[in-house]
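Participant: A single structure is presented below for examination.
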Amino acid sequence: MEKMDIHIVGLGNLGSAFLKGLRDLNEKTDIYLYEESKDVRQLIQENYSLTPKESVNMISKGVLILCIKPQNINEFFNTHKDKIEKDVLICNPVAGLEIKTIEKYFDNNILRIMPNLLIRDKTGFIPYASNYQGDYLNFIQNILENLGTVKEVNESMFPIVTALSGSGPAWFYELSNQLVNSGTELGLSLEDSELIIKELVKALPALVDEDETFKDLVNKVKSPGGTTEAGLNSLNNDSFDTIILNAIRKATQRSTEISKELTNE
């Protein structure tokens with residue numbers, strides 16, 4: 001099988017997550033990296049023995065993965081619209097960047113995805129939408145499915161998917177952070193509180209069963225009249241559900257706002 005060229009532009013958190021997740025697919029891919037920051041390029045060189053280029057020259061085939069900040073994406077398009085040939089698959093994981101916005105600059109096949117950082121450990125969730133039929137270059141089957149669970153989603157749902165999945169790790173990290181703070185507030189050392197919550201978080205995936213809902217899992221942990229139920233009652237009394245809903249709503253709204261900013265509406 002001919003190797004697939006994969007060009008990753010931008011090596012921040014998401015670009016580095018792609019690189020880490022793809023690094024053992026050497027038999028399937030040739031990876032090309034691009035990053036403006038000299039410090040980041042040096043860090044990648046030290047960690048991966050790969051030398052990123054400062055900028056894109058010309059890309060004639062393969063897949064271009066755009067790990068660029070939303071505020072910089074239109075400048076990139078204007079600068080590089082003549083450097084990306086039509087056969088290149090443009091893979092877009094930029095929050096708020098719609099397929100129709102990219103189509104203003106390119107006639108290429110475009111795949112919009114919204115992965116989270118868990119792709120670096122091949123345990124990510126990758127929703128996608130595209131402007132073409134089938135699996136162009138077999139990129140989904142041969143590459144994305146190696147990075148986690150892949151599912152087609154209507155593009156109109158991407159703001160919600162971004163809030164739930166793309167930002168999802170941050171919600172759990174913040175909850176974990178607050179659990180640590182509560183432990184220290186009630187007398188534990190910071191070291192012990194961090195250790196307890198980190199070990200808890202590491203163990204939780206083993207308890208998640210595809211046939212059970214999260215509500216089922218909550219009910220399995222709590223006992224009538226017990227300590228867990230007392231804490232859950234406090235969460236309910238303090239409108240924990242409303243707090244979470246408002247956070248997801250705000251994140252969804254921001255995704256929609258970014259889309260409008262990028263389309264100059």
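Ordering of the structure tokens sets the chain letters (A, B, ...), residue numbers begin anew at 1 in every chain, and ligands are numbered from 1 in the order given.
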Neighbours of A:Lys100 within 12 Å (only C-alpha atoms; same-chain residues fewer than 4 positions away dropped), as a VMD selection string?
Facilitator: chain A and resid 92 96 104 to 112 129 to 131 155 to 156 259 to 260 262 to 263
Participant: Would you mind exporting N, CA and C atoms of the selected residues as a PDB file, in the first residue's frame?
Facilitator:
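Below is the file out28.pdb, written as the result:
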ATOM      1  N   ASN A  92     -10.145  19.604   8.641  1.00  0.00           N
ATOM      2  CA  ASN A  92     -10.350  20.818   9.434  1.00  0.00           C
ATOM      3  C   ASN A  92     -10.833  20.491  10.851  1.00  0.00           C
ATOM      4  N   GLY A  96     -15.357  26.015  15.213  1.00  0.00           N
ATOM      5  CA  GLY A  96     -16.142  27.071  14.588  1.00  0.00           C
ATOM      6  C   GLY A  96     -15.931  27.249  13.097  1.00  0.00           C
ATOM      7  N   LYS A 104     -14.850  28.867   0.201  1.00  0.00           N
ATOM      8  CA  LYS A 104     -14.642  30.179  -0.415  1.00  0.00           C
ATOM      9  C   LYS A 104     -13.238  30.294  -0.999  1.00  0.00           C
ATOM     10  N   TYR A 105     -12.326  29.497  -0.476  1.00  0.00           N
ATOM     11  CA  TYR A 105     -10.918  29.583  -0.878  1.00  0.00           C
ATOM     12  C   TYR A 105     -10.460  28.386  -1.721  1.00  0.00           C
ATOM     13  N   PHE A 106     -11.081  27.212  -1.490  1.00  0.00           N
ATOM     14  CA  PHE A 106     -10.593  25.985  -2.113  1.00  0.00           C
ATOM     15  C   PHE A 106     -11.738  25.190  -2.734  1.00  0.00           C
ATOM     16  N   ASP A 107     -11.426  24.459  -3.806  1.00  0.00           N
ATOM     17  CA  ASP A 107     -12.376  23.544  -4.436  1.00  0.00           C
ATOM     18  C   ASP A 107     -12.132  22.101  -3.987  1.00  0.00           C
ATOM     19  N   ASN A 108     -11.334  21.915  -2.974  1.00  0.00           N
ATOM     20  CA  ASN A 108     -10.917  20.585  -2.530  1.00  0.00           C
ATOM     21  C   ASN A 108     -12.012  19.843  -1.791  1.00  0.00           C
ATOM     22  N   ASN A 109     -11.813  18.523  -1.636  1.00  0.00           N
ATOM     23  CA  ASN A 109     -12.610  17.757  -0.687  1.00  0.00           C
ATOM     24  C   ASN A 109     -12.225  18.214   0.719  1.00  0.00           C
ATOM     25  N   ILE A 110     -13.252  18.443   1.550  1.00  0.00           N
ATOM     26  CA  ILE A 110     -13.018  18.986   2.891  1.00  0.00           C
ATOM     27  C   ILE A 110     -13.678  18.076   3.922  1.00  0.00           C
ATOM     28  N   LEU A 111     -12.909  17.704   4.907  1.00  0.00           N
ATOM     29  CA  LEU A 111     -13.397  16.875   6.010  1.00  0.00           C
ATOM     30  C   LEU A 111     -13.319  17.699   7.289  1.00  0.00           C
ATOM     31  N   ARG A 112     -14.464  17.956   7.885  1.00  0.00           N
ATOM     32  CA  ARG A 112     -14.488  18.685   9.156  1.00  0.00           C
ATOM     33  C   ARG A 112     -14.565  17.680  10.297  1.00  0.00           C
ATOM     34  N   ALA A 129     -17.871  15.576   9.489  1.00  0.00           N
ATOM     35  CA  ALA A 129     -18.793  15.886   8.392  1.00  0.00           C
ATOM     36  C   ALA A 129     -17.918  16.214   7.187  1.00  0.00           C
ATOM     37  N   SER A 130     -18.463  16.079   5.978  1.00  0.00           N
ATOM     38  CA  SER A 130     -17.657  16.325   4.790  1.00  0.00           C
ATOM     39  C   SER A 130     -18.512  16.889   3.664  1.00  0.00           C
ATOM     40  N   ASN A 131     -17.828  17.409   2.638  1.00  0.00           N
ATOM     41  CA  ASN A 131     -18.529  17.923   1.455  1.00  0.00           C
ATOM     42  C   ASN A 131     -18.425  16.942   0.292  1.00  0.00           C
ATOM     43  N   GLU A 155     -23.308  18.540  10.252  1.00  0.00           N
ATOM     44  CA  GLU A 155     -22.465  19.688  10.593  1.00  0.00           C
ATOM     45  C   GLU A 155     -23.192  20.713  11.461  1.00  0.00           C
ATOM     46  N   SER A 156     -24.510  20.778  11.359  1.00  0.00           N
ATOM     47  CA  SER A 156     -25.257  21.742  12.176  1.00  0.00           C
ATOM     48  C   SER A 156     -25.137  21.447  13.666  1.00  0.00           C
ATOM     49  N   SER A 259     -17.913  30.808  14.316  1.00  0.00           N
ATOM     50  CA  SER A 259     -18.303  30.520  12.930  1.00  0.00           C
ATOM     51  C   SER A 259     -18.720  31.784  12.202  1.00  0.00           C
ATOM     52  N   LYS A 260     -19.487  32.633  12.863  1.00  0.00           N
ATOM     53  CA  LYS A 260     -19.944  33.884  12.236  1.00  0.00           C
ATOM     54  C   LYS A 260     -18.773  34.826  12.005  1.00  0.00           C
ATOM     55  N   LEU A 262     -15.684  33.975  11.447  1.00  0.00           N
ATOM     56  CA  LEU A 262     -14.852  33.455  10.369  1.00  0.00           C
ATOM     57  C   LEU A 262     -15.494  33.609   8.995  1.00  0.00           C
ATOM     58  N   THR A 263     -16.825  33.667   8.966  1.00  0.00           N
ATOM     59  CA  THR A 263     -17.523  33.862   7.690  1.00  0.00           C
ATOM     60  C   THR A 263     -17.844  35.329   7.445  1.00  0.00           C
TER      61      THR A 263
END
Participant: I want to know what sits within 12 Å of A:Ile68, based on only C-alpha atoms, with residues of the same chain fewer than 6 positions away left out; could you give that as number ranges by chain?
Facilitator: A: 8-16, 34-36, 74-77, 91-97
Participant: Which residue is closest to A:Asn154? Choose from A:Ile113, A:Val63, A:Leu89, A:Ile84 and count only C-alpha atoms.
Facilitator: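 Among A:Ile113, A:Val63, A:Leu89, A:Ile84, it is A:Ile113 that comes nearest to A:Asn154.
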Participant: Looking only at helix (DSSP H, G or I) from DSSP on the backbone, list the matching residues of stretch 28-134 of chain A as number ranges by chain.
Facilitator: A: 38-48, 70-80, 99-102, 117-121
Participant: Can you write out the residues you just picked, keeping N, CA, C and O atoms, as a short mmCIF file (atom, residue, chain, number, x, y, z; two decimals), in the first residue's frame?
Facilitator:
data_model
loop_
_atom_site.label_atom_id
_atom_site.label_comp_id
_atom_site.auth_asym_id
_atom_site.auth_seq_id
_atom_site.Cartn_x
_atom_site.Cartn_y
_atom_site.Cartn_z
N LYS A 38 9.79 29.08 16.57
CA LYS A 38 11.10 28.43 16.61
C LYS A 38 11.23 27.54 17.84
O LYS A 38 11.78 26.44 17.77
N ASP A 39 10.71 28.00 18.98
CA ASP A 39 10.80 27.22 20.22
C ASP A 39 10.03 25.92 20.10
O ASP A 39 10.50 24.87 20.55
N VAL A 40 8.85 25.98 19.48
CA VAL A 40 8.05 24.76 19.32
C VAL A 40 8.74 23.81 18.35
O VAL A 40 8.78 22.59 18.56
N ARG A 41 9.29 24.35 17.26
CA ARG A 41 10.00 23.50 16.31
C ARG A 41 11.16 22.77 16.99
O ARG A 41 11.39 21.57 16.75
N GLN A 42 11.88 23.48 17.84
CA GLN A 42 13.01 22.87 18.55
C GLN A 42 12.52 21.78 19.50
O GLN A 42 13.14 20.72 19.62
N LEU A 43 11.40 22.03 20.17
CA LEU A 43 10.84 21.05 21.10
C LEU A 43 10.41 19.78 20.37
O LEU A 43 10.66 18.66 20.84
N ILE A 44 9.79 19.94 19.21
CA ILE A 44 9.38 18.77 18.41
C ILE A 44 10.61 18.00 17.95
O ILE A 44 10.63 16.76 17.98
N GLN A 45 11.63 18.71 17.54
CA GLN A 45 12.87 18.06 17.12
C GLN A 45 13.46 17.23 18.25
O GLN A 45 13.89 16.08 18.05
N GLU A 46 13.45 17.76 19.45
CA GLU A 46 14.02 17.06 20.61
C GLU A 46 13.18 15.85 21.00
O GLU A 46 13.73 14.80 21.36
N ASN A 47 11.87 15.97 20.92
CA ASN A 47 10.99 14.90 21.40
C ASN A 47 10.71 13.82 20.37
O ASN A 47 10.46 12.66 20.73
N TYR A 48 10.73 14.19 19.08
CA TYR A 48 10.31 13.24 18.05
C TYR A 48 11.37 12.99 16.96
O TYR A 48 11.13 12.17 16.07
N PRO A 70 -8.28 29.75 15.39
CA PRO A 70 -9.33 30.34 14.54
C PRO A 70 -9.00 31.75 14.07
O PRO A 70 -9.29 32.11 12.92
N GLN A 71 -8.39 32.55 14.95
CA GLN A 71 -8.12 33.95 14.57
C GLN A 71 -7.05 34.08 13.48
O GLN A 71 -6.91 35.14 12.88
N ASN A 72 -6.33 32.99 13.22
CA ASN A 72 -5.27 33.04 12.20
C ASN A 72 -5.64 32.32 10.92
O ASN A 72 -4.88 32.35 9.94
N ILE A 73 -6.81 31.68 10.88
CA ILE A 73 -7.10 30.77 9.78
C ILE A 73 -7.35 31.50 8.46
O ILE A 73 -6.89 31.06 7.40
N ASN A 74 -8.07 32.62 8.48
CA ASN A 74 -8.34 33.33 7.23
C ASN A 74 -7.06 33.88 6.62
O ASN A 74 -6.89 33.90 5.39
N GLU A 75 -6.13 34.33 7.46
CA GLU A 75 -4.83 34.80 6.96
C GLU A 75 -4.09 33.65 6.29
O GLU A 75 -3.47 33.83 5.23
N PHE A 76 -4.15 32.46 6.90
CA PHE A 76 -3.51 31.29 6.30
C PHE A 76 -4.12 30.99 4.94
O PHE A 76 -3.40 30.72 3.97
N PHE A 77 -5.44 31.01 4.85
CA PHE A 77 -6.11 30.73 3.58
C PHE A 77 -5.69 31.73 2.49
O PHE A 77 -5.40 31.35 1.35
N ASN A 78 -5.69 33.00 2.85
CA ASN A 78 -5.33 34.02 1.86
C ASN A 78 -3.89 33.86 1.38
O ASN A 78 -3.59 34.08 0.20
N THR A 79 -3.02 33.45 2.29
CA THR A 79 -1.60 33.32 1.96
C THR A 79 -1.30 32.04 1.19
O THR A 79 -0.37 32.01 0.36
N HIS A 80 -2.10 30.98 1.44
CA HIS A 80 -1.74 29.66 0.92
C HIS A 80 -2.74 29.09 -0.09
O HIS A 80 -2.60 27.94 -0.50
N ILE A 99 -17.39 24.17 6.84
CA ILE A 99 -16.95 23.73 5.51
C ILE A 99 -17.18 24.83 4.48
O ILE A 99 -16.32 25.09 3.62
N LYS A 100 -18.30 25.52 4.55
CA LYS A 100 -18.63 26.54 3.55
C LYS A 100 -17.62 27.69 3.56
O LYS A 100 -17.39 28.33 2.53
N THR A 101 -17.02 27.95 4.72
CA THR A 101 -16.01 29.01 4.80
C THR A 101 -14.75 28.62 4.04
O THR A 101 -14.17 29.42 3.31
N ILE A 102 -14.33 27.36 4.18
CA ILE A 102 -13.14 26.88 3.47
C ILE A 102 -13.41 26.83 1.97
O ILE A 102 -12.51 27.10 1.16
N LEU A 117 -8.18 15.99 22.71
CA LEU A 117 -6.76 15.69 22.85
C LEU A 117 -6.47 14.22 23.14
O LEU A 117 -5.31 13.80 23.07
N LEU A 118 -7.50 13.44 23.42
CA LEU A 118 -7.30 12.02 23.72
C LEU A 118 -6.84 11.23 22.49
O LEU A 118 -6.43 10.08 22.62
N ILE A 119 -6.87 11.86 21.32
CA ILE A 119 -6.36 11.17 20.12
C ILE A 119 -4.88 10.84 20.28
O ILE A 119 -4.37 9.93 19.63
N ARG A 120 -4.19 11.56 21.13
CA ARG A 120 -2.75 11.30 21.31
C ARG A 120 -2.51 9.91 21.88
O ARG A 120 -1.45 9.32 21.67
N ASP A 121 -3.50 9.39 22.62
CA ASP A 121 -3.40 8.04 23.20
C ASP A 121 -4.30 7.05 22.47
O ASP A 121 -4.57 5.97 22.98
#
Participant: Quick one: of A:Pro127, A:Asp211, A:Val180, A:Ile31, who's nearest to A:Val153, counting only C-alpha atoms?
Facilitator: A:Pro127
Participant: As a PDB file with N, CA and C atoms, in the first residue's frame, please: the residues near A:Tyr173 (cut-off 12 Å, only C-alpha atoms, same-chain neighbours under 5 positions excluded).
Facilitator:
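Wrote it out as selection-v1.pdb, contents follow:
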ATOM      1  N   SER A 167     -14.300  20.234  24.046  1.00  0.00           N
ATOM      2  CA  SER A 167     -13.963  20.860  25.321  1.00  0.00           C
ATOM      3  C   SER A 167     -14.127  19.900  26.499  1.00  0.00           C
ATOM      4  N   GLY A 168     -14.639  18.699  26.210  1.00  0.00           N
ATOM      5  CA  GLY A 168     -14.965  17.753  27.275  1.00  0.00           C
ATOM      6  C   GLY A 168     -13.866  17.475  28.285  1.00  0.00           C
ATOM      7  N   GLN A 178     -11.502  20.821  41.325  1.00  0.00           N
ATOM      8  CA  GLN A 178     -12.330  21.245  42.448  1.00  0.00           C
ATOM      9  C   GLN A 178     -12.427  20.167  43.526  1.00  0.00           C
ATOM     10  N   LEU A 179     -12.396  18.907  43.130  1.00  0.00           N
ATOM     11  CA  LEU A 179     -12.360  17.829  44.121  1.00  0.00           C
ATOM     12  C   LEU A 179     -11.064  17.892  44.930  1.00  0.00           C
ATOM     13  N   VAL A 180      -9.956  18.146  44.240  1.00  0.00           N
ATOM     14  CA  VAL A 180      -8.676  18.307  44.936  1.00  0.00           C
ATOM     15  C   VAL A 180      -8.752  19.473  45.919  1.00  0.00           C
ATOM     16  N   GLU A 194      -4.278  15.398  45.550  1.00  0.00           N
ATOM     17  CA  GLU A 194      -3.975  15.193  44.129  1.00  0.00           C
ATOM     18  C   GLU A 194      -3.826  13.718  43.810  1.00  0.00           C
ATOM     19  N   ILE A 197      -7.300  11.839  43.731  1.00  0.00           N
ATOM     20  CA  ILE A 197      -8.141  12.142  42.574  1.00  0.00           C
ATOM     21  C   ILE A 197      -7.501  11.617  41.285  1.00  0.00           C
ATOM     22  N   LYS A 198      -6.182  11.701  41.169  1.00  0.00           N
ATOM     23  CA  LYS A 198      -5.535  11.168  39.963  1.00  0.00           C
ATOM     24  C   LYS A 198      -5.719   9.655  39.857  1.00  0.00           C
ATOM     25  N   VAL A 201      -9.341   9.057  38.789  1.00  0.00           N
ATOM     26  CA  VAL A 201      -9.579   9.339  37.375  1.00  0.00           C
ATOM     27  C   VAL A 201      -8.993   8.240  36.493  1.00  0.00           C
TER      28      VAL A 201
END
Participant: In stretch 88-158 of chain A, what's strand (DSSP E or B) per DSSP? Answer as a compact mmCIF listing (two decimals) with N, CA and C atoms, in the first residue's frame?
Facilitator:
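Output file states_39.txt follows:
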# COMPACT_ATOMS: atom_id res chain seq x y z
N LEU A 89 -6.70 16.48 0.38
CA LEU A 89 -7.83 16.48 1.29
C LEU A 89 -7.54 17.46 2.42
N ILE A 90 -8.43 18.44 2.60
CA ILE A 90 -8.27 19.40 3.68
C ILE A 90 -9.05 18.91 4.89
N CYS A 91 -8.33 18.62 5.95
CA CYS A 91 -8.93 18.12 7.19
C CYS A 91 -8.96 19.26 8.20
N ASN A 92 -10.14 19.60 8.64
CA ASN A 92 -10.35 20.82 9.43
C ASN A 92 -10.83 20.49 10.85
N ILE A 110 -13.25 18.44 1.55
CA ILE A 110 -13.02 18.99 2.89
C ILE A 110 -13.68 18.08 3.92
N LEU A 111 -12.91 17.70 4.91
CA LEU A 111 -13.40 16.88 6.01
C LEU A 111 -13.32 17.70 7.29
N ARG A 112 -14.46 17.96 7.89
CA ARG A 112 -14.49 18.69 9.16
C ARG A 112 -14.56 17.68 10.30
N ILE A 113 -13.67 17.81 11.26
CA ILE A 113 -13.66 16.92 12.41
C ILE A 113 -13.59 17.75 13.69
N GLY A 124 -9.48 8.83 21.48
CA GLY A 124 -10.31 10.00 21.25
C GLY A 124 -11.67 9.66 20.65
N PHE A 125 -12.52 10.66 20.60
CA PHE A 125 -13.78 10.57 19.87
C PHE A 125 -13.71 11.59 18.75
N ILE A 126 -13.96 11.16 17.51
CA ILE A 126 -13.77 12.03 16.36
C ILE A 126 -15.05 12.10 15.53
N PRO A 127 -15.92 13.07 15.80
CA PRO A 127 -17.07 13.29 14.93
C PRO A 127 -16.62 13.98 13.64
N TYR A 128 -17.33 13.71 12.55
CA TYR A 128 -16.92 14.32 11.28
C TYR A 128 -18.11 14.63 10.39
N ALA A 129 -17.87 15.58 9.49
CA ALA A 129 -18.79 15.89 8.39
C ALA A 129 -17.92 16.21 7.19
N SER A 130 -18.46 16.08 5.98
CA SER A 130 -17.66 16.33 4.79
C SER A 130 -18.51 16.89 3.66
N GLY A 148 -9.10 6.69 17.50
CA GLY A 148 -10.24 6.64 18.41
C GLY A 148 -11.52 6.25 17.69
N THR A 149 -12.64 6.52 18.33
CA THR A 149 -13.95 6.22 17.78
C THR A 149 -14.38 7.33 16.82
N VAL A 150 -14.81 6.93 15.63
CA VAL A 150 -15.16 7.89 14.58
C VAL A 150 -16.66 7.78 14.28
N LYS A 151 -17.32 8.94 14.16
CA LYS A 151 -18.77 8.92 13.88
C LYS A 151 -19.15 10.12 13.04
N GLU A 152 -19.94 9.88 11.99
CA GLU A 152 -20.44 10.98 11.16
C GLU A 152 -21.55 11.71 11.89
